[in-house]
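Since the structure comes first, as structure tokens, the remarks are kept for the end.
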Amino acid sequence: MTPKVLEQIHRPQEQVHNTKVKREPLVERIVGGFFELEFPRQSGSYHPDAYSYTSGRACLGVILDSLKVKKVYLPFYCCDALLQPLRRRNIAFEYYGLNEKLEFDPSIALQSGEVILYINYFGLKMNFIRLLSDRYGSQLIIDNTHAFFETAQERENYWSFNSARKFFGVPDGAYLYASGPVETATIRNSEMQYTHLVERILGNQAKAYKHYLDSETNITDSPYQMSLLSERILSGIDYGFVKSCRLENFEFFQRHLADINRLQFDGDGETIPFCYPLLLDTEIDKQQLFQNHIYIPTYWPNILQDDTPDFLLERQFAQRLLPLPIDHRYNGDACEHVLKVLKSILAGQAS
Ligand SMILES: Cc1ncc(COP(=O)(O)O)c(C=O)c1O
């Protein structure tokens with residue numbers, strides 16, 4: 001096939017405008033031949049009214065461009081991926097500190113061209129976000145990376161975005177709720193890596209992990225639209241099931257660990273959390289968890305490398321907070337197992 005003909009076949013599906021209008025991708029118009037991967041068709045997108053992009057950082061870049069931002073205030077306790085779109089645009093930024101409730105004093109006064117970004121930590125900060133929304137309006141950007149199920153409610157006029165990889169087995173994908181016009185037209189991401197997702201299904205954990213690390217370095221902040229693969233996977237998810245699993249597992253850990261958890265939650269019973277964030281008095285050696293095949297990440301290792309004398313509390317969060325998994329792959333049995341291993345590690349530490 002000549003390149004010219006190939007171009008005719010591929011261009012229309014790749015060169016898409018990021019409107020909210022539903023499109024039928026060209027790939028579905030191919031008739032006959034072998035079958036592609038099968039996915040159930042269930043509810044469709046959970047965010048039909050949002051713009052879709054390839055990553056959370058891509059969404060942030062689109063917001064910064066749309067608002068012509070000159071300076072961003074953001075929490076020191078954050079993932080370094082968030083800085084990518086700022087650095088790419090040479091946008092000034094300043095960190096603010098958090099208190100033990102993962103909140104801050106909203107006395108920062110914003111000038112025009114300035115915005116403030118806050119992370120909906122572990123998906124549990126909606127009450128505080130409502131307060132911030134009243135204070136900062138459309139100069140507020142909410143990072144809902146930990147809160148996939150939050151949508152834009154009518155009374156809220158802030159900007160927000162999430163990231164699907166943090167909740168589901170997808171190679172890329174994020175949704176942006178815009179509080180103003182978003183003019184960027186994008187190309188659909190077609191460079192995503194998905195081997196880690198398949199290797200994990202096949203039970204090849206070590207191999208899958210290597211591919212996962214590769215795929216994470218491949219995540220881009222360019223304003224591409226979400227890949228077709230992620231779009232298809234996300235439209236087949238039973239979101240009701242996912243939500244109830246998360247809530248049940250969260251409640252299980254809260255029943256058993258609230259008395260040793262230094263974090264307190266003022267959940268409204270509707271917010272769907274990202275994990276059970278267990279903040280301990282001391283750091284435990286995560287190797288002991290890994291040896292039991294319990295993989296608990298650190299949020300966020302990058303802040304431990306920055307030895308600014310302020311932000312001691314943030315470093316303690318990074319060292320002492322265990323984000324226990326509560327997702328829909330797990331039920332009561334898995335949670336019991338995690339609890340048992342954790343309690344034995346803590347008992348060993350105390351003795
Ligand atoms: C709190 C937070 N915000 C934003 C991001 C960036 O999201 P993405 O990786 O989809 O760009 C991450 C992690 O990568 C994160 O942990």
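Following the order of the structure tokens, first chain is A, next is B, and so on, with residues numbered from 1 inside each chain and ligands from 1 in the order they appear.
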
*Using only C-alpha atoms, which residues sit within 12 Å of Arg87 in chain A once same-chain residues fewer than 3 positions away are excluded, as a PyMOL selection string?*
chain A and resi 57+60-61+64+70-72+80-84+90-93+221

Report as a tab-separated table: every residue of chain A with an atom at most 9 Å from ligand 1, its closest pair of atoms, and their distance in Å to one decimal, counting only C-alpha atoms and all ligand atoms, with rows sorted by chain and ascending residue number.
residue	atom	partner	partner_atom_place_in_ligand_line	distance
A:Thr54	CA	ligand 1	10 (O)	7.3
A:Ser55	CA	ligand 1	10 (O)	3.7
A:Gly56	CA	ligand 1	10 (O)	3.6
A:Arg57	CA	ligand 1	11 (O)	3.8
A:Ala58	CA	ligand 1	11 (O)	6.4
A:Cys59	CA	ligand 1	11 (O)	8.0
A:Leu60	CA	ligand 1	11 (O)	8.5
A:Tyr77	CA	ligand 1	1 (C)	8.7
A:Cys78	CA	ligand 1	1 (C)	5.7
A:Cys79	CA	ligand 1	16 (O)	4.9
A:Asp80	CA	ligand 1	14 (O)	7.6
A:Ala81	CA	ligand 1	6 (C)	5.2
A:Leu82	CA	ligand 1	4 (C)	5.2
A:Gln84	CA	ligand 1	11 (O)	8.9
A:Ile119	CA	ligand 1	1 (C)	6.0
A:Asn120	CA	ligand 1	1 (C)	7.9
A:Tyr121	CA	ligand 1	1 (C)	7.4
A:Phe122	CA	ligand 1	1 (C)	8.8
A:Asp143	CA	ligand 1	3 (N)	5.8
A:Asn144	CA	ligand 1	3 (N)	7.3
A:Thr145	CA	ligand 1	3 (N)	5.2
A:His146	CA	ligand 1	1 (C)	6.6
A:Phe161	CA	ligand 1	4 (C)	8.7
A:Asn162	CA	ligand 1	10 (O)	7.2
A:Ser163	CA	ligand 1	10 (O)	4.5
A:Ala164	CA	ligand 1	10 (O)	7.2
A:Arg165	CA	ligand 1	10 (O)	6.8
A:Lys166	CA	ligand 1	10 (O)	7.7
A:Asp172	CA	ligand 1	10 (O)	7.2
A:Gly173	CA	ligand 1	10 (O)	7.0
A:Ala174	CA	ligand 1	10 (O)	6.4
A:Glu216	CA	ligand 1	9 (O)	7.5
A:Ile219	CA	ligand 1	9 (O)	6.7
A:Thr220	CA	ligand 1	11 (O)	7.1
A:Asp221	CA	ligand 1	11 (O)	6.6
A:Tyr299	CA	ligand 1	16 (O)	7.5
A:Trp300	CA	ligand 1	16 (O)	7.8

*Mind listing the strand (DSSP E) residues of range 77-107 of chain A, per DSSP on the backbone, as a ChimeraX atom specification?*
/A:92-96

DSSP says helix (DSSP H, G or I) for which residues of range 49-243 of chain A? Put them as a PDB file with N, CA and C atoms, in the first residue's frame?
ATOM      1  N   GLY A  56      -3.191  13.454  32.928  1.00  0.00           N
ATOM      2  CA  GLY A  56      -3.506  14.565  33.824  1.00  0.00           C
ATOM      3  C   GLY A  56      -2.645  15.772  33.505  1.00  0.00           C
ATOM      4  N   ARG A  57      -1.349  15.528  33.244  1.00  0.00           N
ATOM      5  CA  ARG A  57      -0.461  16.673  32.991  1.00  0.00           C
ATOM      6  C   ARG A  57      -0.818  17.374  31.684  1.00  0.00           C
ATOM      7  N   ALA A  58      -1.331  16.607  30.715  1.00  0.00           N
ATOM      8  CA  ALA A  58      -1.785  17.245  29.468  1.00  0.00           C
ATOM      9  C   ALA A  58      -2.969  18.170  29.756  1.00  0.00           C
ATOM     10  N   CYS A  59      -3.884  17.698  30.610  1.00  0.00           N
ATOM     11  CA  CYS A  59      -5.040  18.537  30.988  1.00  0.00           C
ATOM     12  C   CYS A  59      -4.555  19.827  31.633  1.00  0.00           C
ATOM     13  N   LEU A  60      -3.577  19.695  32.548  1.00  0.00           N
ATOM     14  CA  LEU A  60      -3.093  20.897  33.227  1.00  0.00           C
ATOM     15  C   LEU A  60      -2.500  21.880  32.214  1.00  0.00           C
ATOM     16  N   GLY A  61      -1.751  21.357  31.249  1.00  0.00           N
ATOM     17  CA  GLY A  61      -1.166  22.218  30.218  1.00  0.00           C
ATOM     18  C   GLY A  61      -2.246  22.976  29.450  1.00  0.00           C
ATOM     19  N   VAL A  62      -3.324  22.291  29.126  1.00  0.00           N
ATOM     20  CA  VAL A  62      -4.424  22.915  28.378  1.00  0.00           C
ATOM     21  C   VAL A  62      -5.054  24.038  29.214  1.00  0.00           C
ATOM     22  N   ILE A  63      -5.211  23.788  30.511  1.00  0.00           N
ATOM     23  CA  ILE A  63      -5.790  24.814  31.393  1.00  0.00           C
ATOM     24  C   ILE A  63      -4.865  26.035  31.445  1.00  0.00           C
ATOM     25  N   LEU A  64      -3.573  25.779  31.610  1.00  0.00           N
ATOM     26  CA  LEU A  64      -2.613  26.894  31.723  1.00  0.00           C
ATOM     27  C   LEU A  64      -2.637  27.748  30.467  1.00  0.00           C
ATOM     28  N   ASP A  65      -2.729  27.092  29.304  1.00  0.00           N
ATOM     29  CA  ASP A  65      -2.767  27.840  28.045  1.00  0.00           C
ATOM     30  C   ASP A  65      -4.061  28.636  27.939  1.00  0.00           C
ATOM     31  N   SER A  66      -5.146  27.973  28.323  1.00  0.00           N
ATOM     32  CA  SER A  66      -6.441  28.615  28.160  1.00  0.00           C
ATOM     33  C   SER A  66      -6.556  29.871  29.035  1.00  0.00           C
ATOM     34  N   LEU A  67      -5.995  29.797  30.245  1.00  0.00           N
ATOM     35  CA  LEU A  67      -6.091  30.939  31.173  1.00  0.00           C
ATOM     36  C   LEU A  67      -4.920  31.908  31.024  1.00  0.00           C
ATOM     37  N   ASP A  80       5.872  15.055  40.913  1.00  0.00           N
ATOM     38  CA  ASP A  80       6.672  15.950  40.053  1.00  0.00           C
ATOM     39  C   ASP A  80       6.141  16.026  38.612  1.00  0.00           C
ATOM     40  N   ALA A  81       5.292  15.058  38.233  1.00  0.00           N
ATOM     41  CA  ALA A  81       4.710  15.116  36.879  1.00  0.00           C
ATOM     42  C   ALA A  81       3.911  16.405  36.677  1.00  0.00           C
ATOM     43  N   LEU A  82       3.382  16.923  37.776  1.00  0.00           N
ATOM     44  CA  LEU A  82       2.580  18.148  37.696  1.00  0.00           C
ATOM     45  C   LEU A  82       3.410  19.345  37.241  1.00  0.00           C
ATOM     46  N   LEU A  83       4.717  19.275  37.503  1.00  0.00           N
ATOM     47  CA  LEU A  83       5.571  20.422  37.159  1.00  0.00           C
ATOM     48  C   LEU A  83       5.910  20.453  35.669  1.00  0.00           C
ATOM     49  N   GLN A  84       5.779  19.304  35.019  1.00  0.00           N
ATOM     50  CA  GLN A  84       6.153  19.228  33.578  1.00  0.00           C
ATOM     51  C   GLN A  84       5.521  20.325  32.729  1.00  0.00           C
ATOM     52  N   PRO A  85       4.189  20.452  32.758  1.00  0.00           N
ATOM     53  CA  PRO A  85       3.585  21.490  31.904  1.00  0.00           C
ATOM     54  C   PRO A  85       3.973  22.906  32.311  1.00  0.00           C
ATOM     55  N   LEU A  86       4.312  23.107  33.578  1.00  0.00           N
ATOM     56  CA  LEU A  86       4.734  24.447  34.029  1.00  0.00           C
ATOM     57  C   LEU A  86       6.117  24.758  33.475  1.00  0.00           C
ATOM     58  N   ARG A  87       7.003  23.767  33.619  1.00  0.00           N
ATOM     59  CA  ARG A  87       8.388  23.984  33.169  1.00  0.00           C
ATOM     60  C   ARG A  87       8.428  24.172  31.662  1.00  0.00           C
ATOM     61  N   ARG A  88       7.614  23.382  30.955  1.00  0.00           N
ATOM     62  CA  ARG A  88       7.603  23.489  29.485  1.00  0.00           C
ATOM     63  C   ARG A  88       7.219  24.904  29.038  1.00  0.00           C
ATOM     64  N   TYR A 121      -6.630  15.234  47.812  1.00  0.00           N
ATOM     65  CA  TYR A 121      -5.818  14.138  48.346  1.00  0.00           C
ATOM     66  C   TYR A 121      -6.659  12.902  48.664  1.00  0.00           C
ATOM     67  N   PHE A 122      -6.274  11.827  48.034  1.00  0.00           N
ATOM     68  CA  PHE A 122      -6.888  10.516  48.233  1.00  0.00           C
ATOM     69  C   PHE A 122      -8.391  10.525  47.964  1.00  0.00           C
ATOM     70  N   GLY A 123      -8.837  11.567  47.277  1.00  0.00           N
ATOM     71  CA  GLY A 123     -10.258  11.688  46.938  1.00  0.00           C
ATOM     72  C   GLY A 123     -11.109  12.036  48.142  1.00  0.00           C
ATOM     73  N   MET A 126     -13.305  16.805  49.432  1.00  0.00           N
ATOM     74  CA  MET A 126     -14.359  17.575  48.775  1.00  0.00           C
ATOM     75  C   MET A 126     -14.894  18.720  49.641  1.00  0.00           C
ATOM     76  N   ASN A 127     -15.012  18.498  50.951  1.00  0.00           N
ATOM     77  CA  ASN A 127     -15.541  19.576  51.806  1.00  0.00           C
ATOM     78  C   ASN A 127     -14.633  20.804  51.748  1.00  0.00           C
ATOM     79  N   PHE A 128     -13.327  20.571  51.811  1.00  0.00           N
ATOM     80  CA  PHE A 128     -12.377  21.687  51.752  1.00  0.00           C
ATOM     81  C   PHE A 128     -12.397  22.335  50.365  1.00  0.00           C
ATOM     82  N   ILE A 129     -12.579  21.511  49.343  1.00  0.00           N
ATOM     83  CA  ILE A 129     -12.606  22.042  47.973  1.00  0.00           C
ATOM     84  C   ILE A 129     -13.802  22.984  47.776  1.00  0.00           C
ATOM     85  N   ARG A 130     -14.922  22.665  48.389  1.00  0.00           N
ATOM     86  CA  ARG A 130     -16.091  23.563  48.277  1.00  0.00           C
ATOM     87  C   ARG A 130     -15.760  24.936  48.853  1.00  0.00           C
ATOM     88  N   LEU A 131     -15.027  24.910  49.952  1.00  0.00           N
ATOM     89  CA  LEU A 131     -14.606  26.177  50.570  1.00  0.00           C
ATOM     90  C   LEU A 131     -13.649  26.945  49.642  1.00  0.00           C
ATOM     91  N   LEU A 132     -12.708  26.219  49.066  1.00  0.00           N
ATOM     92  CA  LEU A 132     -11.753  26.852  48.141  1.00  0.00           C
ATOM     93  C   LEU A 132     -12.468  27.410  46.919  1.00  0.00           C
ATOM     94  N   SER A 133     -13.480  26.681  46.482  1.00  0.00           N
ATOM     95  CA  SER A 133     -14.227  27.100  45.299  1.00  0.00           C
ATOM     96  C   SER A 133     -14.888  28.458  45.533  1.00  0.00           C
ATOM     97  N   ASP A 134     -15.462  28.644  46.732  1.00  0.00           N
ATOM     98  CA  ASP A 134     -16.074  29.937  47.067  1.00  0.00           C
ATOM     99  C   ASP A 134     -15.008  31.038  47.099  1.00  0.00           C
ATOM    100  N   ARG A 135     -13.828  30.686  47.571  1.00  0.00           N
ATOM    101  CA  ARG A 135     -12.774  31.697  47.748  1.00  0.00           C
ATOM    102  C   ARG A 135     -12.115  32.070  46.403  1.00  0.00           C
ATOM    103  N   TYR A 136     -11.824  31.068  45.565  1.00  0.00           N
ATOM    104  CA  TYR A 136     -10.984  31.346  44.392  1.00  0.00           C
ATOM    105  C   TYR A 136     -11.699  31.233  43.037  1.00  0.00           C
ATOM    106  N   GLY A 137     -12.873  30.646  43.007  1.00  0.00           N
ATOM    107  CA  GLY A 137     -13.645  30.559  41.759  1.00  0.00           C
ATOM    108  C   GLY A 137     -12.850  29.968  40.614  1.00  0.00           C
ATOM    109  N   SER A 138     -12.860  30.664  39.474  1.00  0.00           N
ATOM    110  CA  SER A 138     -12.231  30.071  38.289  1.00  0.00           C
ATOM    111  C   SER A 138     -10.705  30.256  38.282  1.00  0.00           C
ATOM    112  N   GLN A 139     -10.152  30.798  39.368  1.00  0.00           N
ATOM    113  CA  GLN A 139      -8.679  30.811  39.485  1.00  0.00           C
ATOM    114  C   GLN A 139      -8.185  29.574  40.248  1.00  0.00           C
ATOM    115  N   ALA A 164      -7.118   8.521  34.385  1.00  0.00           N
ATOM    116  CA  ALA A 164      -7.784   7.213  34.449  1.00  0.00           C
ATOM    117  C   ALA A 164      -6.839   6.082  34.879  1.00  0.00           C
ATOM    118  N   ARG A 165      -5.548   6.216  34.570  1.00  0.00           N
ATOM    119  CA  ARG A 165      -4.604   5.134  34.908  1.00  0.00           C
ATOM    120  C   ARG A 165      -4.536   4.858  36.394  1.00  0.00           C
ATOM    121  N   LYS A 166      -4.871   5.856  37.188  1.00  0.00           N
ATOM    122  CA  LYS A 166      -4.751   5.680  38.635  1.00  0.00           C
ATOM    123  C   LYS A 166      -5.903   4.829  39.186  1.00  0.00           C
ATOM    124  N   THR A 195       1.756  -3.275  26.968  1.00  0.00           N
ATOM    125  CA  THR A 195       2.251  -4.625  27.268  1.00  0.00           C
ATOM    126  C   THR A 195       2.097  -4.942  28.765  1.00  0.00           C
ATOM    127  N   HIS A 196       2.351  -3.953  29.627  1.00  0.00           N
ATOM    128  CA  HIS A 196       2.280  -4.218  31.071  1.00  0.00           C
ATOM    129  C   HIS A 196       0.890  -4.677  31.496  1.00  0.00           C
ATOM    130  N   LEU A 197      -0.132  -4.159  30.824  1.00  0.00           N
ATOM    131  CA  LEU A 197      -1.506  -4.516  31.191  1.00  0.00           C
ATOM    132  C   LEU A 197      -1.774  -5.990  30.875  1.00  0.00           C
ATOM    133  N   VAL A 198      -1.251  -6.411  29.722  1.00  0.00           N
ATOM    134  CA  VAL A 198      -1.470  -7.799  29.291  1.00  0.00           C
ATOM    135  C   VAL A 198      -0.604  -8.745  30.129  1.00  0.00           C
ATOM    136  N   GLU A 199       0.665  -8.373  30.358  1.00  0.00           N
ATOM    137  CA  GLU A 199       1.553  -9.244  31.139  1.00  0.00           C
ATOM    138  C   GLU A 199       1.003  -9.443  32.557  1.00  0.00           C
ATOM    139  N   ARG A 200       0.369  -8.410  33.076  1.00  0.00           N
ATOM    140  CA  ARG A 200      -0.165  -8.560  34.436  1.00  0.00           C
ATOM    141  C   ARG A 200      -1.342  -9.537  34.444  1.00  0.00           C
ATOM    142  N   ILE A 201      -2.160  -9.493  33.410  1.00  0.00           N
ATOM    143  CA  ILE A 201      -3.252 -10.473  33.315  1.00  0.00           C
ATOM    144  C   ILE A 201      -2.678 -11.882  33.228  1.00  0.00           C
ATOM    145  N   GLN A 205       4.311 -10.904  36.701  1.00  0.00           N
ATOM    146  CA  GLN A 205       4.383  -9.649  37.447  1.00  0.00           C
ATOM    147  C   GLN A 205       5.699  -8.897  37.228  1.00  0.00           C
ATOM    148  N   ALA A 206       6.824  -9.634  37.257  1.00  0.00           N
ATOM    149  CA  ALA A 206       8.126  -8.952  37.148  1.00  0.00           C
ATOM    150  C   ALA A 206       8.247  -8.278  35.778  1.00  0.00           C
ATOM    151  N   LYS A 207       7.867  -9.041  34.755  1.00  0.00           N
ATOM    152  CA  LYS A 207       7.929  -8.510  33.391  1.00  0.00           C
ATOM    153  C   LYS A 207       6.957  -7.325  33.238  1.00  0.00           C
ATOM    154  N   ALA A 208       5.784  -7.528  33.792  1.00  0.00           N
ATOM    155  CA  ALA A 208       4.760  -6.473  33.703  1.00  0.00           C
ATOM    156  C   ALA A 208       5.272  -5.193  34.357  1.00  0.00           C
ATOM    157  N   TYR A 209       5.939  -5.329  35.487  1.00  0.00           N
ATOM    158  CA  TYR A 209       6.411  -4.143  36.214  1.00  0.00           C
ATOM    159  C   TYR A 209       7.435  -3.368  35.390  1.00  0.00           C
ATOM    160  N   LYS A 210       8.340  -4.132  34.745  1.00  0.00           N
ATOM    161  CA  LYS A 210       9.344  -3.462  33.884  1.00  0.00           C
ATOM    162  C   LYS A 210       8.657  -2.669  32.772  1.00  0.00           C
ATOM    163  N   HIS A 211       7.676  -3.310  32.144  1.00  0.00           N
ATOM    164  CA  HIS A 211       6.945  -2.633  31.059  1.00  0.00           C
ATOM    165  C   HIS A 211       6.134  -1.452  31.593  1.00  0.00           C
ATOM    166  N   TYR A 212       5.637  -1.609  32.808  1.00  0.00           N
ATOM    167  CA  TYR A 212       4.866  -0.520  33.422  1.00  0.00           C
ATOM    168  C   TYR A 212       5.758   0.719  33.598  1.00  0.00           C
ATOM    169  N   LEU A 213       6.985   0.488  34.100  1.00  0.00           N
ATOM    170  CA  LEU A 213       7.902   1.627  34.300  1.00  0.00           C
ATOM    171  C   LEU A 213       8.180   2.318  32.976  1.00  0.00           C
ATOM    172  N   ASP A 214       8.385   1.514  31.949  1.00  0.00           N
ATOM    173  CA  ASP A 214       8.601   2.067  30.597  1.00  0.00           C
ATOM    174  C   ASP A 214       7.409   2.895  30.153  1.00  0.00           C
ATOM    175  N   SER A 215       6.231   2.325  30.372  1.00  0.00           N
ATOM    176  CA  SER A 215       5.027   3.003  29.875  1.00  0.00           C
ATOM    177  C   SER A 215       4.830   4.330  30.611  1.00  0.00           C
ATOM    178  N   GLU A 216       5.217   4.362  31.886  1.00  0.00           N
ATOM    179  CA  GLU A 216       5.054   5.622  32.640  1.00  0.00           C
ATOM    180  C   GLU A 216       5.994   6.703  32.113  1.00  0.00           C
ATOM    181  N   THR A 217       7.195   6.296  31.685  1.00  0.00           N
ATOM    182  CA  THR A 217       8.104   7.330  31.154  1.00  0.00           C
ATOM    183  C   THR A 217       7.608   7.830  29.798  1.00  0.00           C
ATOM    184  N   LEU A 228      -7.572   5.563  21.617  1.00  0.00           N
ATOM    185  CA  LEU A 228      -8.806   4.814  21.347  1.00  0.00           C
ATOM    186  C   LEU A 228      -8.916   3.586  22.237  1.00  0.00           C
ATOM    187  N   LEU A 229      -7.741   2.981  22.530  1.00  0.00           N
ATOM    188  CA  LEU A 229      -7.758   1.772  23.364  1.00  0.00           C
ATOM    189  C   LEU A 229      -8.339   2.096  24.745  1.00  0.00           C
ATOM    190  N   SER A 230      -7.850   3.180  25.347  1.00  0.00           N
ATOM    191  CA  SER A 230      -8.378   3.551  26.673  1.00  0.00           C
ATOM    192  C   SER A 230      -9.859   3.903  26.590  1.00  0.00           C
ATOM    193  N   GLU A 231     -10.222   4.606  25.521  1.00  0.00           N
ATOM    194  CA  GLU A 231     -11.628   5.001  25.383  1.00  0.00           C
ATOM    195  C   GLU A 231     -12.531   3.766  25.353  1.00  0.00           C
ATOM    196  N   ARG A 232     -12.092   2.751  24.605  1.00  0.00           N
ATOM    197  CA  ARG A 232     -12.899   1.514  24.520  1.00  0.00           C
ATOM    198  C   ARG A 232     -12.964   0.806  25.870  1.00  0.00           C
ATOM    199  N   ILE A 233     -11.804   0.702  26.541  1.00  0.00           N
ATOM    200  CA  ILE A 233     -11.799   0.011  27.840  1.00  0.00           C
ATOM    201  C   ILE A 233     -12.700   0.757  28.821  1.00  0.00           C
ATOM    202  N   LEU A 234     -12.564   2.069  28.841  1.00  0.00           N
ATOM    203  CA  LEU A 234     -13.326   2.866  29.821  1.00  0.00           C
ATOM    204  C   LEU A 234     -14.831   2.848  29.562  1.00  0.00           C
ATOM    205  N   TYR A 239     -19.092   0.840  36.417  1.00  0.00           N
ATOM    206  CA  TYR A 239     -18.663   1.862  37.380  1.00  0.00           C
ATOM    207  C   TYR A 239     -19.360   1.730  38.740  1.00  0.00           C
ATOM    208  N   GLY A 240     -20.603   1.252  38.710  1.00  0.00           N
ATOM    209  CA  GLY A 240     -21.330   1.076  39.978  1.00  0.00           C
ATOM    210  C   GLY A 240     -20.617   0.061  40.856  1.00  0.00           C
ATOM    211  N   PHE A 241     -20.176  -1.031  40.241  1.00  0.00           N
ATOM    212  CA  PHE A 241     -19.460  -2.084  40.973  1.00  0.00           C
ATOM    213  C   PHE A 241     -18.149  -1.538  41.551  1.00  0.00           C
ATOM    214  N   VAL A 242     -17.430  -0.806  40.719  1.00  0.00           N
ATOM    215  CA  VAL A 242     -16.138  -0.239  41.136  1.00  0.00           C
ATOM    216  C   VAL A 242     -16.327   0.660  42.358  1.00  0.00           C
ATOM    217  N   LYS A 243     -17.357   1.487  42.296  1.00  0.00           N
ATOM    218  CA  LYS A 243     -17.580   2.440  43.390  1.00  0.00           C
ATOM    219  C   LYS A 243     -17.922   1.704  44.684  1.00  0.00           C
TER     220      LYS A 243
END

*Using only C-alpha atoms, which of the listed residues (A:Phe311, A:Phe317, A:Tyr96, A:Phe290) sits closest to Val341 in chain A?*
A:Phe290

_Distance in Å - CA of Lys101 in chain A versus CA of Thr298 in chain A_ =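 Taking CA of Lys101 in chain A and CA of Thr298 in chain A, their separation equals 18.4 Å.
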
*Rank A:Glu100, A:Ala178, A:Ser222, A:Asn292 by their smallest atom-to-atom distance to Leu321 in chain A, using only C-alpha atoms, and report the top residue only.*
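Closest to Leu321 in chain A, using only C-alpha atoms: A:Glu100.
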
*Which residue out of A:Phe167, A:Pro223, A:Leu313, A:Pro181 has the minimum interatomic distance to Pro325 in chain A when only C-alpha atoms are used?*
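When distances to Pro325 in chain A are compared using only C-alpha atoms, the smallest one comes from A:Phe167.
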
*Quick one: distance from CA of Ser227 in chain A to CA of Ile187 in chain A in Å, one decimal?*
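Here the two named atoms are 9.5 Å from each other.
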
_For CA of Leu324 in chain A and CA of Tyr158 in chain A, the interatomic separation in Å (one decimal)_ =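 Value for the CA of Leu324 in chain A-CA of Tyr158 in chain A distance: 29.3 Å.
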
*Compare A:Leu202, A:Cys245, A:Ile272, A:Ala258 by their minimum atom-to-atom distance to Asn331 in chain A, counting only C-alpha atoms, and give me the closest one.*
A:Cys245

*Could you check which of A:Tyr95, A:Tyr175, A:Phe104, A:Tyr295 is closest to Trp159 in chain A, using only C-alpha atoms?*
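Closest to Trp159 in chain A of all the choices is A:Tyr175.
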